[in-house]
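Only one structure is covered here, and it is reproduced in the block below.
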Amino acid sequence: MARGAGGAWETSNTLDVFFVCATFQTLICGREAFYILLNEQLTLEEEKMSLKQMKEAFVSNHNGTSVLEVTQGLCLPVLCILCRGLLIILSQLSHSSHTWSARFFTDFLFLIVPLVTTLTILSSFIYLEHLTVIIFGAGLFYQIYCRRTCYARMPVQKILEKFLKISLESEYIPAISCFRVINSAFTAVAILAVDFPLFPRRFAKAELYGTGAMDFGVGGFVFGTAMVCPEIRKKCMEGFKFYYFTKSLYSIWPLVFLGVGRLIMIKSIDYQEHLTEYGVHWNFFFTLIVVKLITSLLLTFFPPNKSWVVAVSVTVLYQLALNLTPLKRVILYGTDGRGTRAGFFNANREGIMSTLGYVAIHMAGVQTGSYVLKKRSHIKDWIKVACCILLTAVGLFVSLYIVQVNVEKVSRRMANLAFCIWIVASSLILLSSLLLGDIILSFAKFLIQGSVVPCSWKLIQSPVTNKKHLETLVSEAERKKPSLCLITAINRNQLIFFLLSNITTGLTNLLVDTLHSSTLWGLFVLCLYMFTNCLIIYMLHLQDKTIKFW
């Protein structure tokens with residue numbers, strides 16, 4: 001948002017209209033009434049400008065939190081999703097039926113509410129939250145094990161041996177869907193919560209250096225999108241080398257529309273902005289457009305399984321340019337070294353240059369997706385995948401420490417080397433945790449004959465020896481399978497969910513004085529806001545609607 005001259009022009013324009021109207025008022029009421037009206041108008045304009053500046057200052061100049069705290073916050077939804085699955089399995093033992101509303105409230109309670117509370121009132125009790133959820137999940141798992149309908153008299157070692165021999169449906173990877181949904185839900189909560197006093201300032205986006213919880217949002221979104229890009233899924237026409245690039249040119253127009261629409265809307269209503277996040281005109285949608293085009297072109301020449309080479313090359317060369325050339329000074333202070341915003345590049349220098357870092361993150365996501373989406377059927381193979389990803393994440397966190405000590409600290413504003421390593425490492429930790437959680441959930445399903453959990457792996461090989469009886473039970477379970485799932489609903493219309501969250505965030509800020517809201521009122525508004533967004537997306541899923549613009 002251009003302040004200074006832009007704000008002065010709008011104020012001047014408003015006062016010009018006022019003076020025309022006030023001239024007639026002067027003729028009727030006299031000079032004294034005119035000055036009273038003028039004073040009232042100026043006071044209103046000052047209050048309006050000061051409120052906007054207060055909101056901008058409220059989300060600016062923060063230094064972030066520790067890498068460990070962000071990682072802990074990301075892992076909590078994994079435990080909650082696991083507990084949700086265990087609770088569904090346990091409820092199926094009692095043959096209780098679930099309506100769509102009961103399923104929605106269950107998913108909302110286990111997925112959304114913990115995110116809201118972790119980012120607000122329980123932010124200082126993250127260890128206690130983890131302990132509570134772990135104890136609750138252990139209790140559910142113990143109940144399932146004690147009431148198991150398969151291998152009831154077999155020792156646990158024998159059960160584990162048989163479990164390790166089963167196969168899973170490999171066409172669908174629930175962990176990737178959950179990864180994308182967790183990141184979307186986390187971002188949706190944070191973009192509104194940051195405007196309330198109950199949101200800890202250490203979770204807000206860091207101004208220059210630091211790892212705020214909100215700094216993970218955009219990077220995680222790019223990484224999650226890359227894991228399921230068309231180049232990995234091989235949906236193309238053989239023999240046409242530039243198929244994906246030409247398809248990208250066609251598919252970016254909704255992002256262009258959204259980016260331009262957001263820009264026009266924000267400028268027209270004089271909405272508060274964090275100027276050093278992307279710049280004067282740039283926004284997240286424009287970053288997605290540039291990243292999509294560049295990565296599609298790169299993947300035309302580099303196979304997806306070699307994307308790590310591109311990711312490392314781009315981010316290392318970019319960091320060298322930051323350290324050895326005036327590029328860092330240009331990004332931070334403009335071409336004149338005084339923070340100028342004159343010209344398109346200077347006005348949007350943060351958004352333009354940070355796309356290089358997001359390109360590297362996207363290519364790292366492509367590499368991860370090409371590895372995870374390989375066809376595997378045995379549970380042993382997936383355990384190896386989860387452990388491999390976890391070890392890679394640990395190695396990257398070690399690398400992050402070395403880079404921050406010897407090169408440069410994490411900076412979302414520049415999307416430097418440390419930022420890219422942090423995003424990829426955190427994403428891999430989240431992904432490996434989800435894979436391990438789904439393996440545990442698969443074991444629980446293995447113990448209960450015919451159990452079905454939405455957005456989880458399907459067991460292909462079952463412990464039941466009577467195959468005809470098995471087919472009858474499975475088909476009956478499939479018919480009764482609750483296709484109603486908030487995770488599936490959000491994943492199905494992820495872009496619409498993100499757009500809806502942005503719109504409702506803007507409306508809430510216009511209707512509610514977020515700066516002076518009490519903790520209880522702020523918590524109520526956040527829950528209502530997320531409930532509304534999730535319910536709309538859930539209703540689209542009930543109607544079997546997938547909204548796509550291309």
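Each chain in the structure tokens gets a letter, A, B and so on, in the order shown; residues start at 1 in every chain, and ligands are counted from 1 in the order they appear.
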
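Around segment 293-305 of chain A, within 6 Å and counting only C-alpha atoms, the residues found are Phe245, Val290, Gln367 and Ser370 of chain A, once anything fewer than 3 positions away on its own chain is removed.
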
Atoms kept (all heavy atoms) for selection, written as a PDB file, in the first residue's frame:
ATOM      1  N   PHE A 245       4.636 -26.485 -20.075  1.00  0.00           N
ATOM      2  CA  PHE A 245       4.809 -25.030 -20.066  1.00  0.00           C
ATOM      3  C   PHE A 245       3.631 -24.340 -20.734  1.00  0.00           C
ATOM      4  O   PHE A 245       3.112 -23.338 -20.229  1.00  0.00           O
ATOM      5  CB  PHE A 245       6.115 -24.657 -20.772  1.00  0.00           C
ATOM      6  CG  PHE A 245       6.398 -23.183 -20.764  1.00  0.00           C
ATOM      7  CD1 PHE A 245       6.735 -22.531 -19.586  1.00  0.00           C
ATOM      8  CD2 PHE A 245       6.292 -22.437 -21.925  1.00  0.00           C
ATOM      9  CE1 PHE A 245       6.981 -21.157 -19.573  1.00  0.00           C
ATOM     10  CE2 PHE A 245       6.528 -21.068 -21.928  1.00  0.00           C
ATOM     11  CZ  PHE A 245       6.876 -20.435 -20.748  1.00  0.00           C
ATOM     12  N   VAL A 290       4.675 -16.451 -11.236  1.00  0.00           N
ATOM     13  CA  VAL A 290       6.067 -16.471 -11.689  1.00  0.00           C
ATOM     14  C   VAL A 290       6.722 -17.817 -11.383  1.00  0.00           C
ATOM     15  O   VAL A 290       7.424 -18.392 -12.231  1.00  0.00           O
ATOM     16  CB  VAL A 290       6.864 -15.317 -11.033  1.00  0.00           C
ATOM     17  CG1 VAL A 290       8.333 -15.392 -11.436  1.00  0.00           C
ATOM     18  CG2 VAL A 290       6.280 -13.970 -11.437  1.00  0.00           C
ATOM     19  N   GLN A 367      11.044 -32.794  -6.225  1.00  0.00           N
ATOM     20  CA  GLN A 367      11.920 -33.922  -5.913  1.00  0.00           C
ATOM     21  C   GLN A 367      11.282 -34.827  -4.856  1.00  0.00           C
ATOM     22  O   GLN A 367      11.285 -36.060  -4.989  1.00  0.00           O
ATOM     23  CB  GLN A 367      13.272 -33.410  -5.413  1.00  0.00           C
ATOM     24  CG  GLN A 367      14.259 -34.486  -5.017  1.00  0.00           C
ATOM     25  CD  GLN A 367      14.754 -35.276  -6.226  1.00  0.00           C
ATOM     26  OE1 GLN A 367      15.128 -34.707  -7.233  1.00  0.00           O
ATOM     27  NE2 GLN A 367      14.748 -36.597  -6.119  1.00  0.00           N
ATOM     28  N   SER A 370       8.256 -36.720  -6.410  1.00  0.00           N
ATOM     29  CA  SER A 370       8.656 -37.792  -7.319  1.00  0.00           C
ATOM     30  C   SER A 370       9.147 -39.020  -6.549  1.00  0.00           C
ATOM     31  O   SER A 370       9.018 -40.148  -7.024  1.00  0.00           O
ATOM     32  CB  SER A 370       9.749 -37.293  -8.271  1.00  0.00           C
ATOM     33  OG  SER A 370      10.933 -36.943  -7.555  1.00  0.00           O
TER      34      SER A 370
END

Ala321 of chain A environment, 12 Å, only C-alpha atoms, sequence neighbours closer than 6 positions dropped, as a tab-separated table (two decimals) with C-alpha atoms, in the first residue's frame:
chain	number	residue	atom	x	y	z
A	314	VAL	CA	19.30	-21.84	-7.72
A	315	THR	CA	19.39	-21.18	-3.98
A	327	LEU	CA	21.71	-7.29	-4.57
A	328	LYS	CA	20.98	-7.51	-0.83
A	329	ARG	CA	21.28	-3.74	-0.43
A	330	VAL	CA	18.98	-3.22	-3.43
A	331	ILE	CA	16.31	-5.54	-1.98
A	353	MET	CA	13.45	-11.13	-5.95
A	356	LEU	CA	14.00	-17.12	-6.79
A	414	MET	CA	14.78	-12.12	0.72
A	416	ASN	CA	17.61	-16.60	1.09
A	417	LEU	CA	19.44	-19.92	1.43

Checklist entry - Between A:Cys146, A:Leu76, A:Val407, A:Leu68, which is the closest to Leu320 of chain A once you count only C-alpha atoms? => result A:Val407

Checklist entry - Mind checking DSSP for segment 305-471 of chain A and telling me the helix (DSSP H, G or I) residues as JSON, numbers by chain? => result {"A": [305, 306, 307, 308, 309, 310, 311, 312, 313, 314, 315, 316, 317, 318, 319, 320, 321, 322, 323, 324, 327, 328, 329, 330, 331, 332, 333, 344, 345, 346, 347, 349, 350, 351, 352, 353, 354, 355, 356, 357, 358, 359, 360, 361, 362, 363, 364, 365, 366, 367, 368, 369, 370, 371, 372, 379, 380, 381, 382, 383, 384, 385, 386, 387, 388, 389, 390, 391, 392, 393, 394, 395, 396, 397, 398, 399, 400, 401, 402, 403, 404, 405, 406, 417, 418, 419, 420, 421, 422, 423, 424, 425, 426, 427, 428, 429, 430, 431, 432, 433, 434, 435, 436, 437, 438, 439, 440, 441, 442, 443, 444, 445, 446, 447, 467, 468, 469, 470, 471]}

Item to check | Shell of 12 Å around Gly343 of chain A, only C-alpha atoms, local chain residues under 6 positions omitted, as a ChimeraX atom specification | outcome: /A:279-281,334-336,349

Next on the checklist: I want to know what sits within 8 Å of Leu441 of chain A, based on only C-alpha atoms, with residues of the same chain fewer than 6 positions away left out; could you give that as a list in words?
Outcome noted: Leu82, Gly85, Leu86 and Ser456 of chain A

Please produce an output containing N, CA and C atoms for each residue in the selection, written as a CSV table (one decimal), in the first residue's frame.
chain,number,residue,atom,x,y,z
A,82,LEU,N,-4.3,-38.2,13.9
A,82,LEU,CA,-4.2,-39.6,14.3
A,82,LEU,C,-5.3,-39.9,15.3
A,85,GLY,N,-8.6,-40.4,13.7
A,85,GLY,CA,-8.8,-41.6,13.0
A,85,GLY,C,-9.0,-42.8,14.0
A,86,LEU,N,-8.3,-42.8,15.1
A,86,LEU,CA,-8.5,-43.8,16.1
A,86,LEU,C,-9.9,-43.7,16.8
A,456,SER,N,-7.4,-41.9,4.6
A,456,SER,CA,-6.3,-42.8,5.1
A,456,SER,C,-6.1,-44.0,4.1
